[in-house]
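Structure file final_24.txt with compact mmCIF, C-alpha atoms:
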# COMPACT_ATOMS: atom_id res chain seq x y z
CA MET A 1 88.26 94.27 67.75
CA LYS A 2 85.25 95.73 66.02
CA THR A 3 84.45 99.22 64.78
CA ARG A 4 83.97 101.63 67.63
CA ARG A 5 82.08 104.55 66.06
CA THR A 6 79.17 105.07 63.69
CA LEU A 7 77.61 108.00 61.94
CA ALA A 8 73.96 108.72 61.39
CA THR A 9 72.93 107.09 58.13
CA ALA A 10 72.29 110.47 56.55
CA VAL A 11 75.92 111.53 57.01
CA ALA A 12 78.52 110.77 54.35
CA ALA A 13 82.29 111.11 54.78
CA ALA A 14 84.41 113.15 52.37
CA VAL A 15 88.10 112.25 52.69
CA ILE A 16 90.42 115.25 52.35
CA ALA A 17 93.98 114.30 53.33
CA PRO A 18 94.99 114.98 55.97
CA VAL A 19 91.56 116.38 56.90
CA ALA A 20 88.27 114.49 56.93
CA LEU A 21 85.22 116.67 56.61
CA LEU A 22 82.51 114.48 58.09
CA ALA A 23 79.62 116.13 56.24
CA ALA A 24 78.48 115.49 52.69
CA SER A 25 77.32 118.06 50.16
CA PRO A 26 73.57 118.59 49.94
CA ALA A 27 71.77 116.66 47.26
CA SER A 28 69.88 119.80 46.27
CA ALA A 29 69.44 123.37 47.35
CA ALA A 30 66.69 122.29 49.74
CA THR A 31 68.67 119.47 51.35
CA VAL A 32 71.46 120.04 53.86
CA THR A 33 73.44 117.20 55.37
CA PRO A 34 73.29 117.21 59.16
CA PRO A 35 76.55 117.76 61.03
CA PRO A 36 78.60 114.81 62.25
CA ALA A 37 77.46 113.10 65.41
CA ARG A 38 79.82 112.86 68.35
CA PRO A 39 80.92 109.31 69.19
CA ALA A 40 78.71 107.55 71.69
CA VAL A 41 80.54 107.48 75.02
CA SER A 42 80.44 104.51 77.37
CA ALA A 43 78.93 105.09 80.80
CA SER A 44 81.17 105.47 83.84
CA PRO A 45 80.46 105.97 87.54
CA SER A 46 82.53 109.13 87.78
CA PRO A 47 84.32 111.48 85.37
CA ASP A 48 87.47 110.83 87.41
CA THR A 49 87.49 107.27 86.13
CA PHE A 50 87.42 108.18 82.42
CA GLY A 51 90.37 106.69 80.62
CA LYS A 52 91.34 104.60 83.69
CA GLY A 53 89.24 101.50 83.12
CA PRO A 54 90.86 98.20 82.10
CA SER A 55 91.32 97.61 78.41
CA VAL A 56 90.18 94.48 76.60
CA ALA A 57 93.79 93.29 76.61
CA ASP A 58 93.91 93.78 80.39
CA LEU A 59 90.66 91.86 80.78
CA GLU A 60 91.90 89.04 78.56
CA LYS A 61 95.00 88.84 80.74
CA ALA A 62 92.80 88.81 83.84
CA VAL A 63 90.76 85.93 82.41
CA ALA A 64 93.93 83.96 81.67
CA GLU A 65 95.19 84.54 85.21
CA ALA A 66 91.82 83.62 86.71
CA ARG A 67 91.74 80.42 84.68
CA LYS A 68 95.27 79.60 85.78
CA ALA A 69 94.25 80.20 89.42
CA TYR A 70 91.19 78.00 88.96
CA ASP A 71 93.26 75.17 87.49
CA ALA A 72 95.71 75.47 90.38
CA ALA A 73 92.83 75.36 92.89
CA VAL A 74 91.45 72.22 91.27
CA ALA A 75 94.89 70.58 91.38
CA ALA A 76 95.25 71.53 95.05
CA LYS A 77 91.85 70.03 95.78
CA GLU A 78 92.81 66.76 94.12
CA ALA A 79 96.08 66.64 96.09
CA ALA A 80 94.22 67.40 99.32
CA TYR A 81 91.78 64.58 98.62
CA LYS A 82 94.67 62.13 98.23
CA GLU A 83 96.11 63.34 101.52
CA LEU A 84 92.72 62.82 103.16
CA GLU A 85 92.50 59.29 101.83
CA LYS A 86 96.01 58.59 103.12
CA ALA A 87 95.13 60.14 106.49
CA LEU A 88 92.09 57.93 106.82
CA ASP A 89 93.56 54.71 105.49
CA GLY A 90 97.30 55.19 106.26
CA PRO A 91 99.98 54.40 106.70
CA THR A 92 101.19 57.71 108.13
CA ALA A 93 103.69 58.62 110.82
CA GLU A 94 100.79 59.30 113.14
CA SER A 95 99.07 56.04 112.36
CA LEU A 96 102.32 54.08 112.83
CA ALA A 97 102.97 55.83 116.14
CA TYR A 98 99.46 55.08 117.24
CA ASP A 99 99.81 51.43 116.30
CA ALA A 100 103.08 51.17 118.25
CA ALA A 101 101.57 52.88 121.27
CA LYS A 102 98.54 50.60 121.06
CA LYS A 103 100.77 47.55 121.01
CA GLU A 104 102.75 48.83 123.96
CA ALA A 105 99.60 49.66 125.89
CA ASP A 106 98.12 46.25 125.18
CA ALA A 107 101.33 44.59 126.41
CA ALA A 108 101.32 46.71 129.54
CA THR A 109 97.71 45.74 130.17
CA VAL A 110 98.55 42.05 129.82
CA ALA A 111 101.54 42.44 132.14
CA HIS A 112 99.51 44.34 134.68
CA THR A 113 96.79 41.71 134.58
CA ALA A 114 99.35 38.96 135.12
CA ALA A 115 100.97 40.84 138.00
CA VAL A 116 97.65 41.39 139.71
CA LYS A 117 96.84 37.70 139.30
CA ALA A 118 100.23 36.72 140.79
CA LEU A 119 99.61 39.05 143.70
CA ASP A 120 96.21 37.54 144.31
CA GLU A 121 97.69 34.05 144.21
CA ALA A 122 100.47 35.01 146.62
CA LYS A 123 98.00 36.50 149.02
CA ALA A 124 95.78 33.42 148.79
CA LYS A 125 98.77 31.15 149.51
CA LEU A 126 99.72 33.22 152.51
CA ALA A 127 96.21 33.13 153.84
CA GLY A 128 96.04 29.34 153.33
CA LEU A 129 98.95 28.56 155.57
CA GLY A 130 97.76 26.58 158.59
CA GLY A 131 99.08 26.40 162.12
CA THR A 132 101.45 23.70 161.11
CA ALA A 133 103.41 26.05 158.78
CA THR A 134 106.94 26.61 159.85
CA PRO A 135 108.29 30.12 160.34
CA GLU A 136 110.38 29.70 157.25
CA GLU A 137 107.33 28.79 155.15
CA ARG A 138 105.37 31.76 156.49
CA ALA A 139 108.30 34.13 155.85
CA ALA A 140 108.60 32.84 152.27
CA ALA A 141 104.85 33.35 151.66
CA GLU A 142 104.96 36.86 153.04
CA LYS A 143 107.98 37.65 150.87
CA ALA A 144 106.12 36.27 147.81
CA VAL A 145 103.18 38.58 148.53
CA LYS A 146 105.54 41.53 148.94
CA ASP A 147 107.33 40.77 145.68
CA ALA A 148 104.03 40.21 143.85
CA GLN A 149 102.76 43.54 145.16
CA ALA A 150 105.87 45.31 143.91
CA ALA A 151 105.52 43.67 140.49
CA ALA A 152 101.83 44.59 140.35
CA ASP A 153 102.62 48.20 141.27
CA ALA A 154 105.33 48.36 138.57
CA ALA A 155 102.98 46.83 136.04
CA ALA A 156 100.31 49.38 136.96
CA THR A 157 102.79 52.22 136.51
CA ALA A 158 103.90 50.83 133.15
CA LYS A 159 100.28 50.43 132.09
CA THR A 160 99.47 54.00 133.07
CA ALA A 161 102.42 55.28 131.04
CA ALA A 162 101.52 53.14 128.05
CA ASP A 163 97.92 54.24 128.22
CA GLY A 164 99.01 57.89 128.29
CA LYS A 165 101.29 57.34 125.36
CA LEU A 166 98.44 55.67 123.50
CA ASP A 167 96.12 58.57 124.26
CA ALA A 168 98.69 61.07 122.95
CA ALA A 169 99.29 59.04 119.82
CA GLY A 170 95.55 58.72 119.33
CA ASP A 171 95.08 62.49 119.69
CA ALA A 172 97.87 63.14 117.19
CA TYR A 173 96.35 60.65 114.80
CA ASP A 174 92.92 62.23 115.16
CA ASP A 175 94.32 65.74 114.78
CA MET A 176 96.12 64.69 111.60
CA ARG A 177 92.96 63.27 110.11
CA VAL A 178 90.91 66.31 111.13
CA ALA A 179 93.55 68.61 109.63
CA ALA A 180 93.49 66.63 106.40
CA ALA A 181 89.71 66.87 106.26
CA ARG A 182 89.82 70.61 106.99
CA ALA A 183 92.49 71.14 104.34
CA TYR A 184 90.36 69.34 101.81
CA SER A 185 87.35 71.45 102.77
CA LEU A 186 89.39 74.62 102.31
CA THR A 187 90.52 73.49 98.87
CA GLN A 188 86.87 72.90 97.98
CA GLN A 189 86.10 76.49 99.02
CA ALA A 190 89.12 77.74 97.08
CA VAL A 191 87.87 75.98 93.97
CA GLU A 192 84.45 77.58 94.32
CA LYS A 193 86.00 81.03 94.79
CA ALA A 194 88.35 80.53 91.84
CA ARG A 195 85.41 79.40 89.74
CA ALA A 196 83.45 82.53 90.71
CA ASP A 197 86.48 84.76 90.01
CA LEU A 198 86.92 83.15 86.61
CA ALA A 199 83.24 83.63 85.80
CA ALA A 200 83.44 87.30 86.84
CA ALA A 201 86.55 87.87 84.74
CA GLU A 202 84.96 86.18 81.73
CA LYS A 203 81.82 88.28 82.17
CA ALA A 204 83.85 91.49 82.40
CA LEU A 205 85.66 90.57 79.20
CA ALA A 206 82.41 89.66 77.46
CA ASP A 207 80.84 92.96 78.57
CA ALA A 208 83.85 94.89 77.32
CA LYS A 209 83.70 93.16 73.96
CA LYS A 210 79.96 93.79 73.85
CA ASP A 211 80.63 97.48 74.47
CA GLU A 212 83.05 97.40 71.56
CA ASP A 213 80.49 95.69 69.38
CA ASP A 214 78.01 98.38 70.41
CA GLY A 215 80.50 101.00 69.21
CA MET A 216 80.89 102.74 72.53
CA CYS A 217 83.94 104.96 72.84
CA GLU A 218 85.78 105.33 76.09
CA GLY A 219 84.98 108.60 77.82
CA ASP A 220 88.13 110.71 77.79
CA ASP A 221 88.39 114.48 78.21
CA ALA A 222 92.18 114.46 77.96
CA LEU A 223 92.14 115.33 74.25
CA VAL A 224 91.26 119.04 74.33
CA ALA A 225 89.62 121.08 71.58
CA GLU A 226 89.72 124.85 72.19
CA LEU A 227 88.04 127.63 70.19
CA THR A 228 89.59 131.12 70.10
CA GLY A 229 88.76 134.37 68.34
CA LEU A 230 84.98 134.46 68.84
CA PRO A 231 83.70 137.89 69.96
CA ALA A 232 80.61 138.26 72.10
CA LYS A 233 78.86 140.09 69.25
CA VAL A 234 79.22 139.56 65.52
CA THR A 235 77.86 142.07 63.04
CA ALA A 236 75.64 140.59 60.36
CA GLY A 237 77.25 140.68 56.95
CA THR A 238 80.83 140.61 58.31
CA THR A 239 83.41 137.84 58.41
CA VAL A 240 84.89 136.36 61.57
CA ASP A 241 87.92 134.10 61.52
CA LEU A 242 88.32 131.60 64.36
CA THR A 243 90.89 129.00 65.36
CA VAL A 244 90.35 125.54 66.82
CA ARG A 245 93.35 123.98 68.53
CA VAL A 246 93.30 120.24 69.24
CA THR A 247 95.78 119.19 71.97
CA ASN A 248 96.65 115.62 72.89
CA ASP A 249 96.91 115.43 76.69
CA THR A 250 96.01 111.72 76.85
CA GLY A 251 99.57 110.71 77.72
CA GLU A 252 99.90 108.56 74.60
CA ALA A 253 100.14 109.20 70.89
CA VAL A 254 96.90 109.01 68.90
CA ASP A 255 96.51 107.92 65.28
CA ARG A 256 93.81 110.46 64.47
CA ALA A 257 92.60 113.47 66.43
CA TYR A 258 89.37 115.30 65.66
CA GLY A 259 88.08 118.72 66.53
CA GLN A 260 84.36 119.32 66.08
CA ILE A 261 82.25 122.46 66.18
CA LEU A 262 78.48 122.77 66.03
CA LEU A 263 76.36 125.87 65.64
CA ALA A 264 73.52 125.70 68.13
CA PRO A 265 70.58 125.78 68.16
CA GLY A 266 71.16 123.70 65.04
CA GLY A 267 69.07 123.68 61.92
CA LYS A 268 69.69 123.31 58.20
CA GLU A 269 69.06 127.04 57.67
CA LEU A 270 72.29 127.81 59.53
CA ALA A 271 74.35 126.32 56.70
CA SER A 272 73.34 129.12 54.34
CA LEU A 273 72.85 131.84 56.95
CA PHE A 274 76.38 131.51 58.40
CA ASP A 275 78.30 130.36 55.31
CA LEU A 276 80.61 128.23 57.46
CA GLN A 277 84.06 127.46 56.03
CA TYR A 278 87.23 125.78 57.28
CA ALA A 279 90.91 125.64 56.34
CA THR A 280 93.81 123.59 57.61
CA SER A 281 97.52 123.98 58.07
CA ALA A 282 98.00 121.64 55.12
CA SER A 283 96.02 123.91 52.79
CA ALA A 284 95.23 127.60 53.05
CA LYS A 285 92.21 127.14 50.79
CA TRP A 286 88.88 127.77 52.46
CA ARG A 287 86.42 124.94 52.04
CA ASP A 288 82.68 125.33 52.33
CA VAL A 289 80.70 123.39 54.93
CA ASP A 290 77.18 122.49 53.81
CA SER A 291 75.97 121.93 57.33
CA TRP A 292 75.75 123.66 60.71
CA GLY A 293 78.75 121.73 62.03
CA VAL A 294 82.03 120.22 60.98
CA ALA A 295 84.47 117.64 62.37
CA VAL A 296 88.05 117.96 61.18
CA ASN A 297 90.72 115.28 61.39
CA VAL A 298 93.97 117.06 62.24
CA GLY A 299 95.95 113.84 61.83
CA ALA A 300 98.18 111.91 64.23
CA LEU A 301 99.32 113.67 67.39
CA LYS A 302 102.10 112.71 69.74
CA SER A 303 101.54 113.03 73.46
CA GLY A 304 101.47 116.72 74.36
CA ALA A 305 101.36 117.86 70.72
CA HIS A 306 98.66 120.04 69.16
CA ALA A 307 97.35 120.97 65.73
CA ASP A 308 95.13 123.84 64.55
CA PHE A 309 92.51 124.39 61.92
CA ARG A 310 90.71 127.62 61.05
CA LEU A 311 87.03 128.43 60.85
CA ARG A 312 85.27 131.30 59.14
CA LEU A 313 81.77 132.56 59.91
CA LYS A 314 79.98 134.96 57.59
CA PRO A 315 76.53 135.59 59.05
CA ALA A 316 74.14 136.78 56.39
CA ALA A 317 73.36 140.49 56.28
CA SER A 318 69.69 139.57 56.72
CA LEU A 319 70.44 137.84 60.04
CA LYS A 320 70.00 140.05 63.08
CA ASP A 321 69.26 139.69 66.76
CA TRP A 322 70.30 136.03 66.68
CA SER A 323 71.67 134.50 69.87
CA GLY A 324 73.30 131.12 70.00
CA ARG A 325 76.55 129.35 70.66
CA ILE A 326 79.32 127.31 69.13
CA GLU A 327 79.81 123.94 70.81
CA VAL A 328 83.31 122.48 70.67
CA SER A 329 84.42 118.93 71.42
CA GLY A 330 87.09 116.44 70.42
CA TRP A 331 87.75 112.75 70.07
CA TYR A 332 90.55 110.49 68.92
CA GLU A 333 91.31 107.05 67.53
CA ARG A 334 94.21 104.91 68.69
CA GLY A 335 94.46 101.60 66.90
CA ASP A 336 91.02 100.01 67.18
CA ASP A 337 90.14 102.05 70.26
CA CYS A 338 88.58 105.47 70.43
CA GLY A 339 87.99 108.08 73.11
CA ALA A 340 85.50 110.94 73.07
CA ASN A 341 84.96 114.01 75.19
CA THR A 342 82.16 113.59 77.67
CA THR A 343 81.18 117.25 77.59
CA LEU A 344 80.86 120.05 75.06
CA LYS A 345 82.40 123.48 75.52
CA ALA A 346 79.83 126.13 74.65
CA HIS A 347 80.88 129.60 73.43
CA LYS A 348 77.96 132.02 73.35
CA PHE A 349 77.73 134.88 70.90
CA GLN A 350 75.14 137.18 69.31
CA VAL A 351 74.64 138.36 65.77
CA VAL A 352 73.62 142.00 65.65
CA ALA A 353 72.33 144.00 62.70
CA ALA A 354 74.75 146.23 60.83
CA PRO A 355 74.31 150.00 61.37
CA VAL A 356 71.84 151.50 58.88
CA ALA A 357 73.41 154.25 56.78
CA SER A 358 71.41 157.41 56.23
CA PRO A 359 69.95 157.45 52.68
CA SER A 360 71.34 160.04 50.26
CA PRO A 361 68.76 162.67 49.16
CA THR A 362 67.25 162.04 45.74
CA PRO A 363 68.11 164.95 43.35
CA SER A 364 65.09 166.89 41.98
CA PRO A 365 64.56 166.53 38.21
CA THR A 366 65.21 169.59 36.04
CA PRO A 367 62.00 170.51 34.19
CA SER A 368 63.82 171.87 31.21
CA SER A 369 66.05 168.84 30.83
CA ALA A 370 65.02 166.20 28.37
CA PRO A 371 65.10 162.57 29.56
CA SER A 372 68.41 160.96 28.80
CA PRO A 373 68.44 157.47 27.34
CA GLN A 374 69.85 154.54 29.42
CA GLY A 375 73.55 154.13 29.01
CA GLY A 376 74.12 157.89 28.83
CA THR A 377 76.64 159.97 30.71
CA THR A 378 74.87 159.87 34.10
CA THR A 379 77.04 158.59 36.95
CA THR A 380 74.10 156.95 38.78
CA PRO A 381 73.93 153.27 37.87
CA VAL A 382 70.84 152.09 36.13
CA GLY A 383 68.12 151.11 38.50
CA THR A 384 70.08 152.18 41.59
CA THR A 385 67.10 153.59 43.42
CA THR A 386 64.86 150.68 42.56
CA THR A 387 67.51 148.17 43.44
CA THR A 388 68.22 149.79 46.80
CA THR A 389 64.55 149.96 47.66
CA THR A 390 63.94 146.37 46.61
CA ALA A 391 66.97 145.13 48.43
CA GLY A 392 65.92 146.91 51.56
CA THR A 393 62.44 145.47 51.37
CA LEU A 394 63.74 141.97 50.74
CA ALA A 395 66.23 142.25 53.50
CA LYS A 396 63.61 143.24 56.04
CA THR A 397 61.09 140.65 54.91
CA GLY A 398 63.70 137.95 54.44
CA SER A 399 65.21 138.64 57.83
CA SER A 400 61.91 138.27 59.60
CA ASP A 401 60.97 135.07 57.78
CA ALA A 402 64.41 133.59 58.26
CA LEU A 403 64.38 134.17 61.98
CA HIS A 404 60.94 132.66 62.43
CA GLY A 405 61.88 129.68 60.28
CA LEU A 406 65.19 129.36 62.07
CA ALA A 407 63.59 129.40 65.49
CA LEU A 408 61.16 126.69 64.50
CA ALA A 409 63.78 124.55 62.80
CA SER A 410 66.25 125.00 65.64
CA GLY A 411 63.68 123.98 68.20
CA THR A 412 62.92 120.88 66.20
CA ALA A 413 66.60 120.05 65.93
CA VAL A 414 67.10 120.40 69.65
CA LEU A 415 64.07 118.32 70.56
CA LEU A 416 64.35 115.65 67.90
CA GLY A 417 67.86 115.82 66.54
CA ALA A 418 69.74 115.46 69.81
CA GLY A 419 68.44 112.00 70.56
CA ALA A 420 68.94 110.84 67.00
CA VAL A 421 72.46 112.23 66.76
CA PHE A 422 73.83 111.22 70.13
CA ALA A 423 72.20 107.77 70.15
CA THR A 424 74.09 106.77 67.02
CA ARG A 425 77.51 105.26 66.89
CA ARG A 426 80.43 106.28 64.72
CA ARG A 427 82.07 104.04 62.17
CA ARG A 428 85.79 104.34 61.82
CA ALA A 429 86.89 106.99 59.36
CA THR A 430 88.99 105.58 56.57
CA ASP A 431 91.04 108.70 56.06
CA ALA A 432 94.47 109.49 57.44

Structure encoded using structure tokens:
Amino acid sequence: MKTRRTLATAVAAAVIAPVALLAASPASAATVTPPPARPAVSASPSPDTFGKGPSVADLEKAVAEARKAYDAAVAAKEAAYKELEKALDGPTAESLAYDAAKKEADAATVAHTAAVKALDEAKAKLAGLGGTATPEERAAAEKAVKDAQAAADAAATAKTAADGKLDAAGDAYDDMRVAAARAYSLTQQAVEKARADLAAAEKALADAKKDEDDGMCEGDDALVAELTGLPAKVTAGTTVDLTVRVTNDTGEAVDRAYGQILLAPGGKELASLFDLQYATSASAKWRDVDSWGVAVNVGALKSGAHADFRLRLKPAASLKDWSGRIEVSGWYERGDDCGANTTLKAHKFQVVAAPVASPSPTPSPTPSSAPSPQGGTTTTPVGTTTTTTTAGTLAKTGSSDALHGLALASGTAVLLGAGAVFATRRRRATDA
């Protein structure tokens, strides 16, 4: 079975056992690796059918059974053809019975013909007696006619019975041959149906393998990724810690389970503006994410089990009045198969500017005091006023430029990046 997932070519995989961060470090300060793409999900008529379709193994079994049924249908057709040949050419019980009835009917016909002839002769003899015939001769002739008539009547009765028996035997013989022909016709139809069933099963298997070759993951929302801890409003310049819990509700153990988050609208500026980090249960160390999204491998999960990883957002102090969302999804790998969520869970939030503190009044210089050299006993740090003023100016200017640039870049990512990201396929991760 072939690889079921691919990444966009710009994405590199960094293996961190037992966590895989599917985003590479930027090549330079101006280059930010895009976040990992979700696995491409195979189409399905209804979300209710996700995870319920036949597997390749099931389809292979179906092909084997269909081929077995086809072979059996062909064998039945061959046997039915032999029976048809036998029915037409015999001998069969019906043909033997018919032959016997035919022989009996022929004999009865001969006997009846002879009896009728004898009756005719007796009648002719009686009619030919002249006036010179004695009473005894006439009585004998009349008796001969009477006996011949009785024999002719008996022969007629026997012939009628034999003819009826022959008709019945002929009907049975015909019915047997018709039944044999019909049975053969039905086996021909069964062969055609079995051939069509086999072709359909083979096509379904070929399509399934083609889907695998195309890297399509099975749509499955049973592996759940949940985000907690995100407030509706986040103050710029502060830190927010979040938790992503990945739960395996697929009913079977999975070899690798992934939770993925994406900042949206996405753009490379978000990597520096939000300073995204993650940490896992295996290591409390926070790791930087040089992208606006991250996919974390939480390892193998038994059915019903879950695993967490932590996220940290630190929106820049210059970022204000920003509205967006965090999109959460999950996927898993089980052997050579993979399943991916069909939908994203969006959590909206807003970054608001920090409250502006009132500036402290600048002390008036004392005319009589001589200027003190730098590094003297003054408690005001060198350049404090200038630094504060400059920082304030940069913050205002930088904030405005960043927002405009972010809006433009985010729009581009939504319009152009979505198709590029979701149309790709994921290669199997080589990590744990």

Quick one: distance from CA of Ala124 (chain A) to CA of Lys143 (chain A) in Å, one decimal?
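Distance reported for this atom pair: 13.1 Å.
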
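Going from CA of Leu263 (chain A) to CA of Ile326 (chain A) covers 4.8 Å.
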
Work out where the centre of an axis-aligned box around every listed atom of region 100-104 of chain A lies and how long its edges are once 8 Å is added on each side; give both in Å to one decimal as lines of an AutoDock Vina configuration file.
center_x = 100.8
center_y = 50.2
center_z = 121.1
size_x = 20.5
size_y = 21.3
size_z = 21.7

Need to verify the contact set: Gly90 (chain A), 12 Å, only C-alpha atoms, exclusion of same-chain residues closer than 5 positions in sequence. Can you return it as a PyMOL selection string?
chain A and resi 82-85+95-99+173+176-177

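CA of Val254 (chain A) is positioned 5.5 Å from CA of Leu301 (chain A).
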